[in-house]
file my_file-v6.txt (compact mmCIF, C-alpha atoms)
# COMPACT_ATOMS: atom_id res chain seq x y z
CA MET F 1 70.81 90.52 84.38
CA LEU F 2 74.57 90.27 84.91
CA PRO F 3 75.21 94.02 85.39
CA ALA F 4 72.43 94.02 87.96
CA LEU F 5 74.18 91.20 89.82
CA GLN F 6 77.42 93.10 89.66
CA GLN F 7 75.80 96.27 90.99
CA MET F 8 74.55 94.26 93.92
CA LEU F 9 78.13 93.46 94.88
CA ASP F 10 79.55 96.88 94.03
CA PHE F 11 78.78 98.63 97.30
CA GLN F 12 80.38 96.05 99.58
CA THR F 13 83.36 95.73 97.21
CA THR F 14 83.99 99.48 97.44
CA ALA F 15 83.62 99.33 101.21
CA LEU F 16 86.05 96.42 101.36
CA LYS F 17 88.62 98.29 99.23
CA LEU F 18 88.39 101.35 101.46
CA ARG F 19 88.70 99.22 104.59
CA ALA F 20 91.89 97.69 103.15
CA GLU F 21 93.13 101.19 102.31
CA ARG F 22 92.44 102.38 105.84
CA GLN F 23 94.16 99.31 107.26
CA SER F 24 97.27 100.24 105.31
CA VAL F 25 97.16 103.87 106.50
CA LEU F 26 96.77 102.74 110.12
CA ALA F 27 99.53 100.17 109.69
CA SER F 28 101.86 102.90 108.49
CA ASN F 29 101.00 104.94 111.59
CA ILE F 30 101.98 102.02 113.80
CA ALA F 31 105.09 101.31 111.71
CA ASN F 32 106.19 104.90 112.22
CA ALA F 33 105.41 105.01 115.94
CA ASP F 34 109.11 105.67 116.66
CA THR F 35 109.91 107.94 113.71
CA PRO F 36 110.68 111.52 114.75
CA ASN F 37 108.46 114.18 113.15
CA TYR F 38 106.10 111.62 111.62
CA LYS F 39 102.49 112.80 111.71
CA ALA F 40 99.76 110.20 112.08
CA ARG F 41 97.27 110.14 109.20
CA ASP F 42 93.78 108.76 108.84
CA PHE F 43 90.63 109.33 106.82
CA ASP F 44 86.97 109.46 107.63
CA PHE F 45 85.51 106.22 106.31
CA ARG F 46 82.03 107.64 105.86
CA THR F 47 83.04 110.54 103.59
CA ALA F 48 85.46 108.28 101.72
CA LEU F 49 82.69 105.76 101.04
CA GLU F 50 80.27 108.51 100.07
CA SER F 51 82.72 110.00 97.59
CA ALA F 52 83.68 106.55 96.24
CA THR F 53 80.07 105.46 95.66
CA GLY F 54 79.11 108.89 94.31
CA SER F 55 76.46 109.51 96.94
CA ALA F 56 78.25 112.55 98.36
CA THR F 57 76.63 115.94 97.85
CA ALA F 58 79.94 117.57 97.01
CA SER F 59 82.64 115.28 95.73
CA ALA F 60 85.86 115.55 97.69
CA ALA F 61 87.88 114.22 94.76
CA PRO F 62 90.25 116.71 93.09
CA VAL F 63 89.29 117.87 89.60
CA ALA F 64 91.87 117.68 86.81
CA THR F 65 91.68 121.03 85.01
CA ASP F 66 94.88 120.55 83.03
CA PRO F 67 95.91 117.58 80.87
CA ARG F 68 99.21 117.43 82.76
CA HIS F 69 97.46 116.81 86.08
CA MET F 70 98.14 113.38 87.47
CA THR F 71 95.24 111.17 88.35
CA PRO F 72 95.94 109.40 91.62
CA LYS F 73 95.82 105.64 91.78
CA GLY F 74 93.82 103.81 94.39
CA SER F 75 90.19 104.10 95.31
CA LEU F 76 90.74 106.82 97.87
CA ALA F 77 90.77 110.51 96.98
CA PRO F 78 94.03 111.88 98.44
CA THR F 79 92.33 114.99 99.80
CA LEU F 80 90.44 112.80 102.24
CA LEU F 81 93.62 111.78 104.00
CA ARG F 82 94.09 114.08 106.98
CA TYR F 83 96.56 114.43 109.79
CA ARG F 84 95.29 113.22 113.11
CA VAL F 85 95.02 115.77 115.92
CA PRO F 86 96.91 114.18 118.82
CA GLN F 87 95.70 114.39 122.38
CA GLN F 88 99.26 114.73 123.56
CA MET F 89 102.19 115.40 121.28
CA SER F 90 105.53 113.66 121.72
CA ILE F 91 108.63 115.72 122.27
CA ASP F 92 110.18 114.41 119.03
CA GLY F 93 107.33 115.76 116.89
CA ASN F 94 105.72 112.36 116.38
CA SER F 95 101.93 112.45 116.66
CA VAL F 96 101.24 108.69 116.71
CA GLU F 97 99.31 107.54 119.77
CA LEU F 98 99.85 103.83 119.84
CA ASP F 99 96.85 102.90 122.01
CA GLY F 100 94.44 104.82 119.82
CA GLU F 101 95.92 103.43 116.62
CA THR F 102 95.73 99.87 117.92
CA ALA F 103 92.09 100.37 118.86
CA GLN F 104 91.34 101.83 115.42
CA ILE F 105 93.07 98.99 113.62
CA SER F 106 91.18 96.36 115.62
CA ALA F 107 87.88 98.08 114.85
CA ASN F 108 88.84 98.34 111.20
CA THR F 109 89.73 94.64 111.10
CA VAL F 110 86.34 93.67 112.49
CA ARG F 111 84.58 95.95 110.02
CA TYR F 112 86.60 94.53 107.15
CA GLU F 113 85.47 91.07 108.21
CA ALA F 114 81.89 92.30 108.45
CA SER F 115 82.05 93.66 104.90
CA LEU F 116 83.56 90.37 103.83
CA ARG F 117 80.70 88.46 105.44
CA PHE F 118 78.07 90.66 103.79
CA LEU F 119 79.77 90.14 100.43
CA ASN F 120 79.90 86.41 101.05
CA GLY F 121 76.20 86.40 101.88
CA GLN F 122 75.36 88.27 98.69
CA ILE F 123 77.44 85.88 96.63
CA LYS F 124 75.64 82.96 98.25
CA THR F 125 72.30 84.61 97.47
CA ILE F 126 73.24 85.03 93.82
CA LEU F 127 74.58 81.48 93.65
CA SER F 128 71.41 79.99 95.10
CA ALA F 129 69.36 82.07 92.63
CA ILE F 130 71.46 80.74 89.74
CA GLN F 131 71.27 77.14 90.88
CA GLY F 132 67.58 77.43 91.67
CA GLN F 133 67.77 75.06 94.56
CA MET D 1 95.78 95.52 96.74
CA SER D 2 96.49 97.64 99.76
CA LEU D 3 96.50 94.75 102.20
CA PHE D 4 99.64 93.45 100.52
CA LYS D 5 101.26 96.86 101.01
CA ILE D 6 100.91 96.35 104.76
CA PHE D 7 103.53 93.62 104.58
CA ASP D 8 105.96 96.13 103.07
CA ILE D 9 105.05 98.79 105.63
CA ALA D 10 105.11 96.60 108.72
CA GLY D 11 108.05 94.65 107.30
CA SER D 12 110.14 97.81 106.99
CA ALA D 13 109.24 98.71 110.57
CA VAL D 14 110.21 95.25 111.81
CA GLN D 15 113.52 95.55 110.00
CA ALA D 16 114.16 99.01 111.46
CA GLN D 17 113.25 97.88 114.98
CA SER D 18 115.47 94.82 114.73
CA MET D 19 118.33 97.08 113.69
CA ARG D 20 117.59 99.21 116.75
CA LEU D 21 117.64 96.06 118.90
CA ASN D 22 120.95 95.15 117.28
CA THR D 23 122.60 98.43 118.25
CA THR D 24 121.13 98.14 121.74
CA ALA D 25 122.63 94.66 122.06
CA SER D 26 125.99 95.97 120.90
CA ASN D 27 125.80 98.89 123.34
CA LEU D 28 124.82 96.69 126.28
CA ALA D 29 127.50 94.15 125.43
CA ASN D 30 130.10 96.89 125.38
CA ALA D 31 128.79 98.80 128.39
CA GLU D 32 131.87 97.76 130.37
CA SER D 33 134.35 97.83 127.48
CA ALA D 34 137.24 100.15 128.08
CA VAL D 35 138.59 100.19 124.53
CA GLY D 36 137.04 99.59 121.15
CA PRO D 37 138.78 97.98 118.16
CA ASP D 38 140.25 101.33 117.13
CA GLY D 39 141.96 101.88 120.47
CA GLN D 40 139.43 104.55 121.39
CA PRO D 41 136.81 104.09 124.12
CA TYR D 42 133.65 102.42 122.80
CA ARG D 43 130.93 104.93 121.91
CA ALA D 44 127.25 104.04 122.14
CA ARG D 45 125.52 103.76 118.76
CA HIS D 46 121.97 104.83 118.01
CA VAL D 47 119.90 104.32 114.87
CA THR D 48 117.87 107.17 113.40
CA PHE D 49 114.51 106.56 111.77
CA ALA D 50 112.72 108.46 109.03
CA ALA D 51 109.44 107.82 107.28
CA LYS D 52 109.78 106.61 103.70
CA MET D 53 108.84 109.02 100.93
CA ILE D 54 105.18 109.04 99.96
CA ASP D 55 104.71 107.83 96.39
CA PRO D 56 103.37 110.91 94.53
CA ALA D 57 101.42 108.66 92.15
CA ASP D 58 99.66 107.00 95.06
CA PRO D 59 99.62 109.49 97.94
CA SER D 60 96.93 107.69 99.88
CA ALA D 61 99.15 104.67 100.42
CA GLY D 62 100.85 104.27 103.76
CA THR D 63 104.53 104.76 104.31
CA GLY D 64 107.10 102.50 105.87
CA VAL D 65 110.16 103.31 107.93
CA ARG D 66 113.75 103.46 106.86
CA VAL D 67 116.89 103.64 108.93
CA THR D 68 118.71 106.80 107.87
CA GLY D 69 121.88 105.95 109.68
CA VAL D 70 123.70 104.90 112.80
CA VAL D 71 125.06 107.77 114.85
CA GLU D 72 127.61 107.61 117.62
CA ASP D 73 126.74 109.04 120.98
CA THR D 74 128.84 112.14 121.66
CA THR D 75 128.36 112.35 125.42
CA ALA D 76 131.56 112.29 127.46
CA ALA D 77 133.04 108.90 128.30
CA ARG D 78 132.75 107.56 131.81
CA LYS D 79 135.94 107.76 133.91
CA LEU D 80 136.63 104.97 136.34
CA LEU D 81 139.25 105.26 139.06
CA ASP D 82 141.30 102.07 138.85
CA PRO D 83 145.04 102.77 139.15
CA LYS D 84 145.92 99.06 138.91
CA ASN D 85 144.39 98.76 135.44
CA PRO D 86 147.04 98.75 132.67
CA LEU D 87 144.77 101.10 130.65
CA ALA D 88 144.73 103.73 133.41
CA ASP D 89 146.11 107.18 132.64
CA SER D 90 148.68 109.05 134.73
CA GLU D 91 146.02 110.03 137.28
CA GLY D 92 144.75 106.46 137.60
CA TYR D 93 141.54 106.88 135.62
CA VAL D 94 140.38 104.37 133.00
CA THR D 95 138.21 105.81 130.20
CA MET D 96 135.17 103.56 129.85
CA SER D 97 132.44 103.53 127.18
CA ASN D 98 129.72 106.18 127.32
CA VAL D 99 126.88 103.62 127.23
CA ASN D 100 124.00 104.52 129.54
CA VAL D 101 122.71 101.10 130.57
CA ILE D 102 119.34 102.38 131.82
CA GLU D 103 118.74 104.24 128.58
CA GLU D 104 119.65 101.13 126.61
CA MET D 105 117.25 98.95 128.60
CA VAL D 106 114.44 101.42 127.94
CA ASN D 107 115.40 101.45 124.27
CA MET D 108 115.34 97.66 124.19
CA ILE D 109 111.87 97.42 125.71
CA SER D 110 110.52 100.09 123.37
CA ALA D 111 112.06 98.38 120.32
CA SER D 112 110.73 94.95 121.27
CA ARG D 113 107.22 96.31 121.88
CA SER D 114 107.21 98.08 118.52
CA TYR D 115 108.49 94.91 116.88
CA GLN D 116 105.66 92.89 118.43
CA ASN D 117 103.10 95.48 117.38
CA ASN D 118 104.18 95.31 113.77
CA ILE D 119 104.20 91.51 113.75
CA GLU D 120 100.66 91.67 115.13
CA ILE D 121 99.64 93.98 112.27
CA MET D 122 101.13 91.57 109.73
CA ASN D 123 99.31 88.63 111.32
CA THR D 124 96.01 90.52 111.23
CA SER D 125 96.49 91.44 107.57
CA LYS D 126 97.45 87.87 106.72
CA ASN D 127 94.25 86.58 108.32
CA LEU D 128 92.18 89.16 106.45
CA LEU D 129 93.82 88.23 103.16
CA LEU D 130 93.25 84.52 103.78
CA LYS D 131 89.60 85.18 104.57
CA THR D 132 89.29 87.30 101.42
CA LEU D 133 90.76 84.43 99.41
CA GLN D 134 87.98 82.17 100.62
CA LEU D 135 85.34 84.61 99.40
CA GLY D 136 82.31 82.87 97.88
CA SER D 137 83.27 79.39 99.00
call {"tool": "encode", "arguments": {"input": "my_file-v6.txt", "output": "structure tokens"}}
result
Amino acid sequence: MLPALQQMLDFQTTALKLRAERQSVLASNIANADTPNYKARDFDFRTALESATGSATASAAPVATDPRHMTPKGSLAPTLLRYRVPQQMSIDGNSVELDGETAQISANTVRYEASLRFLNGQIKTILSAIQGQ
Amino acid sequence: MSLFKIFDIAGSAVQAQSMRLNTTASNLANAESAVGPDGQPYRARHVTFAAKMIDPADPSAGTGVRVTGVVEDTTAARKLLDPKNPLADSEGYVTMSNVNVIEEMVNMISASRSYQNNIEIMNTSKNLLLKTLQLGS
């Protein structure tokens, strides 16, 4: 019974973790908006979620073929993190486009809150099932 | 928790931008200074930024900013014709600072906007964290 309840929450938890991860990547883009030669980074949420939940056809996660290989921390496979292709490059080699990044971060915030709300709803469902009211 | 990392990232950017504002303030304040404390004409100072190193154990994490140093502007000093000034040379010119006021104003606006942006990011993350804390209630 309990593992089944946990599985119910697993998907939204993974989504929430990835949203937080993306928020941090986007925040670092905005933090480095004035850093020369900094290249903006981002990842595709869909592929990241597919590879994190194991529903991807081909896993994008790197395979450790040697015992000395390091296993990366965090829920995101590092190969998913890509450099953004800027619409117009700055003269100092910085590829952060502040307007785009701000839009992305707002959208990500809303989606984080949406995931949070779904998770909350599921928790409430489980709670009401436990209490039987 | 990566949302907590945002405070480090945006915090480092806020710190860097405030340092940039600081040098801008010093440059603007000394725009009309003829001599600095060392007897030489005041030279405009600029901060240089670099992205922090990416942690190899956690490459997906974001990176903050660090100030790599403060460099002095090497452009030629402004010469002002003012023969009555005690600091004037034999031809009557006073060597002023090489601060470009317009450039500094632009720098100031850019720094303050970036500062605001990063504060906004921190506020957003704080709200998200607070909402996450209330999960299930």
call {"tool": "closest_residue", "arguments": {"input": "my_file-v6.txt", "among": "F:Ala52, F:Val96, F:Ala114, F:Ile126", "to": "F:Ile30", "atoms": "all atoms listed in the file"}}
result
F:Val96
call {"tool": "closest_residue", "arguments": {"input": "my_file-v6.txt", "among": "F:Pro3, F:Pro67, F:Pro36, F:Gly100", "to": "chain D", "atoms": "all atoms listed in the file"}}
result
F:Pro36
call {"tool": "closest_residue", "arguments": {"input": "my_file-v6.txt", "among": "D:Ser2, D:Arg20, D:Ile102, D:Ile121", "to": "D:Asp58", "atoms": "all atoms listed in the file"}}
result
D:Ser2
call {"tool": "interface_residues", "arguments": {"input": "my_file-v6.txt", "of": "chain F", "to": "chain D", "cutoff": "8 Å", "atoms": "only C-alpha atoms", "output": "PyMOL selection string"}}
result
chain F and resi 17+20-21+23-36+38+70-74+76-78+81+109+112-113+116+119-120+123-124
call {"tool": "atom_distance", "arguments": {"input": "my_file-v6.txt", "atom1": "atom CA of F:Arg111", "atom2": "atom CA of D:Ile54"}}
result
26.4 Å
call {"tool": "atom_distance", "arguments": {"input": "my_file-v6.txt", "atom1": "atom CA of D:Tyr93", "atom2": "atom CA of D:Leu80"}}
result
5.3 Å
call {"tool": "atom_distance", "arguments": {"input": "my_file-v6.txt", "atom1": "atom CA of D:Val94", "atom2": "atom CA of D:Ala76"}}
result
13.1 Å
call {"tool": "residues_around", "arguments": {"input": "my_file-v6.txt", "residues": "D:Val70", "least_positions_apart": "5", "cutoff": "7 Å", "atoms": "only C-alpha atoms", "output": "PyMOL selection string"}}
result
chain D and resi 45-48
call {"tool": "write_last_selection", "arguments": {"input": "my_file-v6.txt", "atoms": "C-alpha atoms", "output": "compact mmCIF listing (two decimals), in the frame of the given file"}}
result
# COMPACT_ATOMS: atom_id res chain seq x y z
CA ARG D 45 125.52 103.76 118.76
CA HIS D 46 121.97 104.83 118.01
CA VAL D 47 119.90 104.32 114.87
CA THR D 48 117.87 107.17 113.40
call {"tool": "closest_residue", "arguments": {"input": "my_file-v6.txt", "among": "D:Leu21, D:Ala31, D:Ile119, D:Leu133", "to": "D:Met96", "atoms": "all atoms listed in the file"}}
result
D:Ala31
call {"tool": "closest_residue", "arguments": {"input": "my_file-v6.txt", "among": "F:Ala4, F:Ile91, F:Leu80, F:Ala40", "to": "F:Leu18", "atoms": "all atoms listed in the file"}}
result
F:Leu80
call {"tool": "closest_residue", "arguments": {"input": "my_file-v6.txt", "among": "D:Ala44, D:Met53, D:Val35, D:Met19", "to": "D:Val71", "atoms": "all atoms listed in the file"}}
result
D:Ala44
